[in-house]
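K.L.:
Following this message is one structure expressed as structure tokens.
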Amino acid sequence: MSRSANRRILLATAAAAGLSLALPAWAGLLRTPSQALGPFYPRQLPLDNDNDLVSVAGRTGIARGEICNLHGRILDEAGQPVGAARVEIWQCDAFGRYHHPDDRGDRPLDPDFQGYGRFTTGVDGGYRFRTIKPVPYPGRAPHVHFAITVAGQAPLVTQMYVAGAAENAGDGLLQGVRDPQARAALLATFVRPADGGDLLARFDIVLGPTTPGSR
């Protein structure tokens, strides 16, 4: 079976591997706080920009780092799924470097990490990515950038952080969210399945009727 076929099967059957997209029992839906876009949104999208970031078309290697199946749902404040939402993510590689010409640090660059991916939600509002658990970037806690675009609304740009990461306490952007509940909404817990497979993490995003922010 070809490598591309393997990737399609893996991504299409993620739910069977434990990525349940059932709506959790919300006590009340808070809008996901917006966060800064940051300097490393791609100037030009990579040719390979699907939702599998740990393997790059035309290469045989696998990205360094802890592979993770990241999933969740895009919802409105009433808890209803938002279909046809474009979900974009981007993050640094396992060495702490972005695939961006302005990241000129002396850290190595992982050529097997895609660095950016996108996914369009279906009627259930669900999304999923195969990526790596984020690592610290100089001066920042581990995080993944998100941009959610829905027709008729300004995009929501936000960031997801690792629950329990020591660097969270010193991250100015995360700590700048003063409301503890809103700040907690930016945290995702990474767990290892009982069978020892890839890490799992869930990050649900709640949009307002007129989401603030722009790209």
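Identifiers in the structure tokens: chain A, B, ... in order shown; residue index from 1 per chain; ligand index from 1 in order shown.
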Leaving out Lys133 of chain A and any residue of its chain fewer than 2 positions from it, which residues lie within 10 Å of it when counting only C-alpha atoms, given as a VMD selection string?
P.N.:
chain A and resid 65 to 70 91 93 to 94 130 to 131 135 142 to 144 161 to 162 190 199 to 201
K.L.:
Closest to Pro81 of chain A among A:Met160, A:Gly197, A:Asp106, A:Thr121, using only C-alpha atoms?
P.N.:
A:Thr121
K.L.:
Given only C-alpha atoms as the basis, pick out the residue of A:Ala184, A:Asp171, A:Val157, A:Val191 nearest to Gln35 of chain A.
P.N.:
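Answer, going by the shortest atom-to-atom distance: A:Val157.
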K.L.:
Got a sec: who's within 6 Å of Ala85 of chain A, counting only C-alpha atoms, leaving out chain neighbours fewer than 5 positions off, as a PyMOL selection string?
P.N.:
chain A and resi 120-121+149-150
K.L.:
May I have all residues of segment 44-186 of chain A that DSSP, computed from the backbone, assigns to strand (DSSP E or B), given as a PyMOL selection string?
P.N.:
chain A and resi 52+67-76+81+86-90+116-120+126-132+137+140+143-149+156-162
K.L.:
Dump N, CA and C atoms for the selected residues as a compact mmCIF listing (two decimals), in the first residue's frame?
P.N.:
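The result, written out as again00.txt:
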# COMPACT_ATOMS: atom_id res chain seq x y z
N ASP A 52 -2.00 16.19 8.11
CA ASP A 52 -0.96 15.32 8.66
C ASP A 52 0.36 16.08 8.58
N ILE A 67 4.59 12.33 18.56
CA ILE A 67 3.46 12.42 17.64
C ILE A 67 2.16 12.46 18.43
N CYS A 68 1.26 13.30 17.97
CA CYS A 68 -0.01 13.50 18.67
C CYS A 68 -1.15 13.59 17.69
N ASN A 69 -2.27 12.99 18.03
CA ASN A 69 -3.52 13.17 17.31
C ASN A 69 -4.31 14.26 18.03
N LEU A 70 -4.35 15.43 17.43
CA LEU A 70 -5.01 16.60 18.01
C LEU A 70 -6.38 16.76 17.36
N HIS A 71 -7.40 16.84 18.17
CA HIS A 71 -8.75 16.88 17.61
C HIS A 71 -9.65 17.75 18.47
N GLY A 72 -10.83 18.03 17.97
CA GLY A 72 -11.79 18.82 18.72
C GLY A 72 -12.96 19.19 17.83
N ARG A 73 -13.77 20.13 18.31
CA ARG A 73 -14.91 20.60 17.55
C ARG A 73 -14.94 22.12 17.55
N ILE A 74 -15.45 22.68 16.49
CA ILE A 74 -15.72 24.11 16.40
C ILE A 74 -17.21 24.28 16.70
N LEU A 75 -17.52 25.09 17.71
CA LEU A 75 -18.89 25.23 18.20
C LEU A 75 -19.27 26.69 18.29
N ASP A 76 -20.59 26.96 18.31
CA ASP A 76 -21.03 28.30 18.63
C ASP A 76 -21.37 28.35 20.12
N PRO A 81 -22.59 22.63 16.51
CA PRO A 81 -21.39 22.50 15.69
C PRO A 81 -21.39 23.49 14.53
N ARG A 86 -12.92 26.61 8.24
CA ARG A 86 -11.53 26.29 7.90
C ARG A 86 -10.68 26.44 9.15
N VAL A 87 -10.04 25.34 9.54
CA VAL A 87 -9.19 25.32 10.72
C VAL A 87 -7.74 25.24 10.25
N GLU A 88 -6.94 26.23 10.60
CA GLU A 88 -5.52 26.23 10.27
C GLU A 88 -4.71 26.14 11.56
N ILE A 89 -3.63 25.37 11.52
CA ILE A 89 -2.70 25.36 12.64
C ILE A 89 -1.29 25.54 12.11
N TRP A 90 -0.43 26.10 12.94
CA TRP A 90 1.00 26.15 12.65
C TRP A 90 1.75 26.19 13.98
N TYR A 116 2.68 23.43 9.13
CA TYR A 116 1.39 24.08 8.92
C TYR A 116 0.43 23.04 8.38
N GLY A 117 -0.83 23.13 8.77
CA GLY A 117 -1.85 22.25 8.23
C GLY A 117 -3.21 22.91 8.27
N ARG A 118 -4.16 22.36 7.50
CA ARG A 118 -5.51 22.90 7.53
C ARG A 118 -6.52 21.79 7.33
N PHE A 119 -7.73 22.07 7.79
CA PHE A 119 -8.81 21.09 7.77
C PHE A 119 -10.12 21.86 7.71
N THR A 120 -11.08 21.35 6.96
CA THR A 120 -12.41 21.96 6.89
C THR A 120 -13.40 21.07 7.62
N GLY A 126 -16.32 18.83 13.62
CA GLY A 126 -15.09 18.21 14.09
C GLY A 126 -13.89 18.49 13.19
N TYR A 127 -12.74 18.54 13.82
CA TYR A 127 -11.48 18.64 13.09
C TYR A 127 -10.49 17.67 13.71
N ARG A 128 -9.44 17.34 12.98
CA ARG A 128 -8.36 16.52 13.53
C ARG A 128 -7.08 16.78 12.77
N PHE A 129 -5.99 16.73 13.50
CA PHE A 129 -4.66 16.87 12.92
C PHE A 129 -3.75 15.80 13.52
N ARG A 130 -2.82 15.36 12.72
CA ARG A 130 -1.73 14.52 13.22
C ARG A 130 -0.49 15.42 13.22
N THR A 131 0.02 15.69 14.40
CA THR A 131 1.11 16.63 14.53
C THR A 131 2.01 16.17 15.67
N ILE A 132 2.79 17.08 16.25
CA ILE A 132 3.62 16.74 17.39
C ILE A 132 3.16 17.55 18.60
N TYR A 137 9.27 27.43 22.72
CA TYR A 137 9.99 28.29 21.78
C TYR A 137 10.65 29.36 22.64
N ARG A 140 8.66 31.57 25.00
CA ARG A 140 7.26 31.18 24.93
C ARG A 140 7.05 29.78 25.52
N HIS A 143 3.09 25.83 22.48
CA HIS A 143 1.78 26.27 21.99
C HIS A 143 1.62 25.89 20.52
N VAL A 144 0.37 25.85 20.10
CA VAL A 144 0.00 25.67 18.70
C VAL A 144 -0.89 26.84 18.31
N HIS A 145 -0.58 27.48 17.19
CA HIS A 145 -1.40 28.57 16.69
C HIS A 145 -2.61 28.00 15.93
N PHE A 146 -3.75 28.64 16.11
CA PHE A 146 -4.98 28.29 15.40
C PHE A 146 -5.56 29.52 14.74
N ALA A 147 -6.14 29.33 13.56
CA ALA A 147 -6.96 30.36 12.92
C ALA A 147 -8.21 29.67 12.40
N ILE A 148 -9.37 30.17 12.80
CA ILE A 148 -10.66 29.58 12.41
C ILE A 148 -11.39 30.59 11.55
N THR A 149 -11.72 30.18 10.33
CA THR A 149 -12.39 31.07 9.40
C THR A 149 -13.75 30.49 9.01
N LEU A 156 -11.20 33.91 13.89
CA LEU A 156 -10.71 33.84 15.26
C LEU A 156 -9.28 33.31 15.21
N VAL A 157 -8.35 34.08 15.72
CA VAL A 157 -6.97 33.64 15.85
C VAL A 157 -6.71 33.41 17.32
N THR A 158 -6.20 32.23 17.66
CA THR A 158 -5.96 31.90 19.06
C THR A 158 -4.77 30.97 19.15
N GLN A 159 -4.44 30.57 20.37
CA GLN A 159 -3.34 29.65 20.59
C GLN A 159 -3.75 28.62 21.63
N MET A 160 -3.29 27.40 21.44
CA MET A 160 -3.54 26.31 22.38
C MET A 160 -2.26 26.00 23.14
N TYR A 161 -2.37 25.80 24.44
CA TYR A 161 -1.22 25.54 25.30
C TYR A 161 -1.34 24.17 25.95
N VAL A 162 -0.23 23.68 26.47
CA VAL A 162 -0.17 22.35 27.08
C VAL A 162 -0.49 22.46 28.56
K.L.:
Could you give me, as a compact mmCIF listing (two decimals) with C-alpha atoms, in the first residue's frame, the residues within 12 Å of Ala151 of chain A, counting only C-alpha atoms and dropping anything in the same chain fewer than 4 positions from it?
P.N.:
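Output contents, as saved in result_4.txt:
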# COMPACT_ATOMS: atom_id res chain seq x y z
CA VAL A 82 -20.04 24.87 13.05
CA GLY A 83 -19.62 23.16 9.71
CA ALA A 84 -17.55 24.35 6.78
CA ALA A 85 -15.12 26.12 9.12
CA ARG A 86 -11.53 26.29 7.90
CA PRO A 155 -11.43 34.89 11.70
CA LEU A 156 -10.71 33.84 15.26
CA PRO A 209 -21.64 35.51 16.70
CA THR A 210 -19.18 38.21 15.61
CA THR A 211 -15.75 36.85 16.38
K.L.:
Within 6 Å of segment 53-55 of chain A, counting only C-alpha atoms, which residues show up once you throw out same-chain ones fewer than 3 positions away? Write them as a VMD selection string, please.
P.N.:
chain A and resid 62 to 63 112 to 114 130 to 131
K.L.:
Can you work out the spacing between atom CA of Gly38 of chain A and atom CA of Pro138 of chain A in Å, to one decimal?
P.N.:
13.4 Å
K.L.:
Could you tell me how far atom CA of Gly208 of chain A lies from atom CA of Gly170 of chain A, in Å and to one decimal?
P.N.:
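Straight-line distance from atom CA of Gly208 of chain A to atom CA of Gly170 of chain A works out to 28.3 Å.
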K.L.:
Calculate how many Å separate atom CA of Gly115 of chain A from atom CA of Gln153 of chain A, rounding to one decimal.
P.N.:
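Computing it gives 25.8 Å between the two atoms.
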K.L.:
Find the residues near Gly172 of chain A: any atom within 12 Å, counting only C-alpha atoms, skip ones fewer than 4 places away on the same chain, and give them as an mmCIF file with all heavy atoms, in the first residue's frame.
P.N.:
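Final file, around12.cif:
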data_model
loop_
_atom_site.group_PDB
_atom_site.id
_atom_site.type_symbol
_atom_site.label_atom_id
_atom_site.label_comp_id
_atom_site.auth_asym_id
_atom_site.auth_seq_id
_atom_site.Cartn_x
_atom_site.Cartn_y
_atom_site.Cartn_z
ATOM 1 N N GLN A 35 -6.024 35.366 20.535
ATOM 2 C CA GLN A 35 -4.609 35.531 20.861
ATOM 3 C C GLN A 35 -3.898 36.127 19.646
ATOM 4 O O GLN A 35 -4.444 36.140 18.534
ATOM 5 C CB GLN A 35 -3.985 34.176 21.229
ATOM 6 C CG GLN A 35 -4.534 33.566 22.511
ATOM 7 C CD GLN A 35 -3.634 33.820 23.697
ATOM 8 O OE1 GLN A 35 -2.663 33.129 23.927
ATOM 9 N NE2 GLN A 35 -3.958 34.868 24.452
ATOM 10 N N ALA A 36 -2.677 36.568 19.851
ATOM 11 C CA ALA A 36 -1.927 37.199 18.772
ATOM 12 C C ALA A 36 -1.639 36.209 17.652
ATOM 13 O O ALA A 36 -1.398 35.021 17.899
ATOM 14 C CB ALA A 36 -0.615 37.763 19.310
ATOM 15 N N GLY A 139 11.372 32.068 24.888
ATOM 16 C CA GLY A 139 10.510 33.089 25.457
ATOM 17 C C GLY A 139 9.041 32.752 25.490
ATOM 18 O O GLY A 139 8.236 33.556 25.972
ATOM 19 N N ARG A 140 8.655 31.574 25.002
ATOM 20 C CA ARG A 140 7.255 31.175 24.934
ATOM 21 C C ARG A 140 7.053 29.785 25.522
ATOM 22 O O ARG A 140 7.919 28.921 25.432
ATOM 23 C CB ARG A 140 6.747 31.154 23.484
ATOM 24 C CG ARG A 140 6.669 32.487 22.762
ATOM 25 C CD ARG A 140 5.677 33.472 23.379
ATOM 26 N NE ARG A 140 4.417 32.896 23.799
ATOM 27 C CZ ARG A 140 3.395 32.619 22.986
ATOM 28 N NH1 ARG A 140 3.491 32.861 21.681
ATOM 29 N NH2 ARG A 140 2.278 32.123 23.466
ATOM 30 N N ALA A 141 5.876 29.586 26.092
ATOM 31 C CA ALA A 141 5.461 28.249 26.502
ATOM 32 C C ALA A 141 5.125 27.427 25.266
ATOM 33 O O ALA A 141 4.860 27.980 24.191
ATOM 34 C CB ALA A 141 4.237 28.346 27.415
ATOM 35 N N GLU A 167 6.328 26.145 31.677
ATOM 36 C CA GLU A 167 6.533 27.451 31.049
ATOM 37 C C GLU A 167 5.266 28.307 31.012
ATOM 38 O O GLU A 167 5.334 29.513 30.748
ATOM 39 C CB GLU A 167 7.059 27.271 29.621
ATOM 40 C CG GLU A 167 8.400 26.572 29.497
ATOM 41 C CD GLU A 167 8.281 25.046 29.463
ATOM 42 O OE1 GLU A 167 7.137 24.531 29.620
ATOM 43 O OE2 GLU A 167 9.318 24.382 29.284
ATOM 44 N N ASN A 168 4.112 27.703 31.266
ATOM 45 C CA ASN A 168 2.857 28.458 31.182
ATOM 46 C C ASN A 168 2.846 29.659 32.134
ATOM 47 O O ASN A 168 2.329 30.730 31.786
ATOM 48 C CB ASN A 168 1.667 27.557 31.508
ATOM 49 C CG ASN A 168 1.368 26.551 30.408
ATOM 50 O OD1 ASN A 168 1.885 26.656 29.304
ATOM 51 N ND2 ASN A 168 0.542 25.564 30.711
ATOM 52 N N GLY A 176 -1.787 36.870 30.094
ATOM 53 C CA GLY A 176 -2.525 38.083 29.792
ATOM 54 C C GLY A 176 -4.026 37.876 29.737
ATOM 55 O O GLY A 176 -4.793 38.844 29.739
ATOM 56 N N VAL A 177 -4.459 36.616 29.672
ATOM 57 C CA VAL A 177 -5.890 36.295 29.755
ATOM 58 C C VAL A 177 -6.228 36.248 31.240
ATOM 59 O O VAL A 177 -5.923 35.268 31.928
ATOM 60 C CB VAL A 177 -6.206 34.950 29.063
ATOM 61 C CG1 VAL A 177 -7.695 34.636 29.152
ATOM 62 C CG2 VAL A 177 -5.746 34.977 27.608
ATOM 63 N N ARG A 178 -6.824 37.301 31.746
ATOM 64 C CA ARG A 178 -6.987 37.466 33.194
ATOM 65 C C ARG A 178 -8.039 36.553 33.797
ATOM 66 O O ARG A 178 -7.934 36.134 34.955
ATOM 67 C CB ARG A 178 -7.327 38.934 33.516
ATOM 68 C CG ARG A 178 -6.245 39.915 33.082
ATOM 69 C CD ARG A 178 -4.914 39.597 33.735
ATOM 70 N NE ARG A 178 -3.885 40.585 33.397
ATOM 71 C CZ ARG A 178 -2.613 40.466 33.739
ATOM 72 N NH1 ARG A 178 -2.215 39.404 34.416
ATOM 73 N NH2 ARG A 178 -1.749 41.400 33.392
ATOM 74 N N ARG A 183 -8.732 31.518 30.547
ATOM 75 C CA ARG A 183 -7.353 31.038 30.390
ATOM 76 C C ARG A 183 -7.328 29.510 30.347
ATOM 77 O O ARG A 183 -6.600 28.912 29.541
ATOM 78 C CB ARG A 183 -6.484 31.566 31.527
ATOM 79 C CG ARG A 183 -5.004 31.309 31.322
ATOM 80 C CD ARG A 183 -4.153 32.159 32.261
ATOM 81 N NE ARG A 183 -4.414 31.895 33.660
ATOM 82 C CZ ARG A 183 -4.987 32.751 34.506
ATOM 83 N NH1 ARG A 183 -5.353 33.952 34.082
ATOM 84 N NH2 ARG A 183 -5.185 32.430 35.768
#
K.L.:
Taking into account only C-alpha atoms, which residue in the set A:Val123, A:Ala169, A:Leu30, A:Ala188 is nearest to Gly79 of chain A?
P.N.:
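Checking each candidate against Gly79 of chain A, we get A:Leu30 as the closest.
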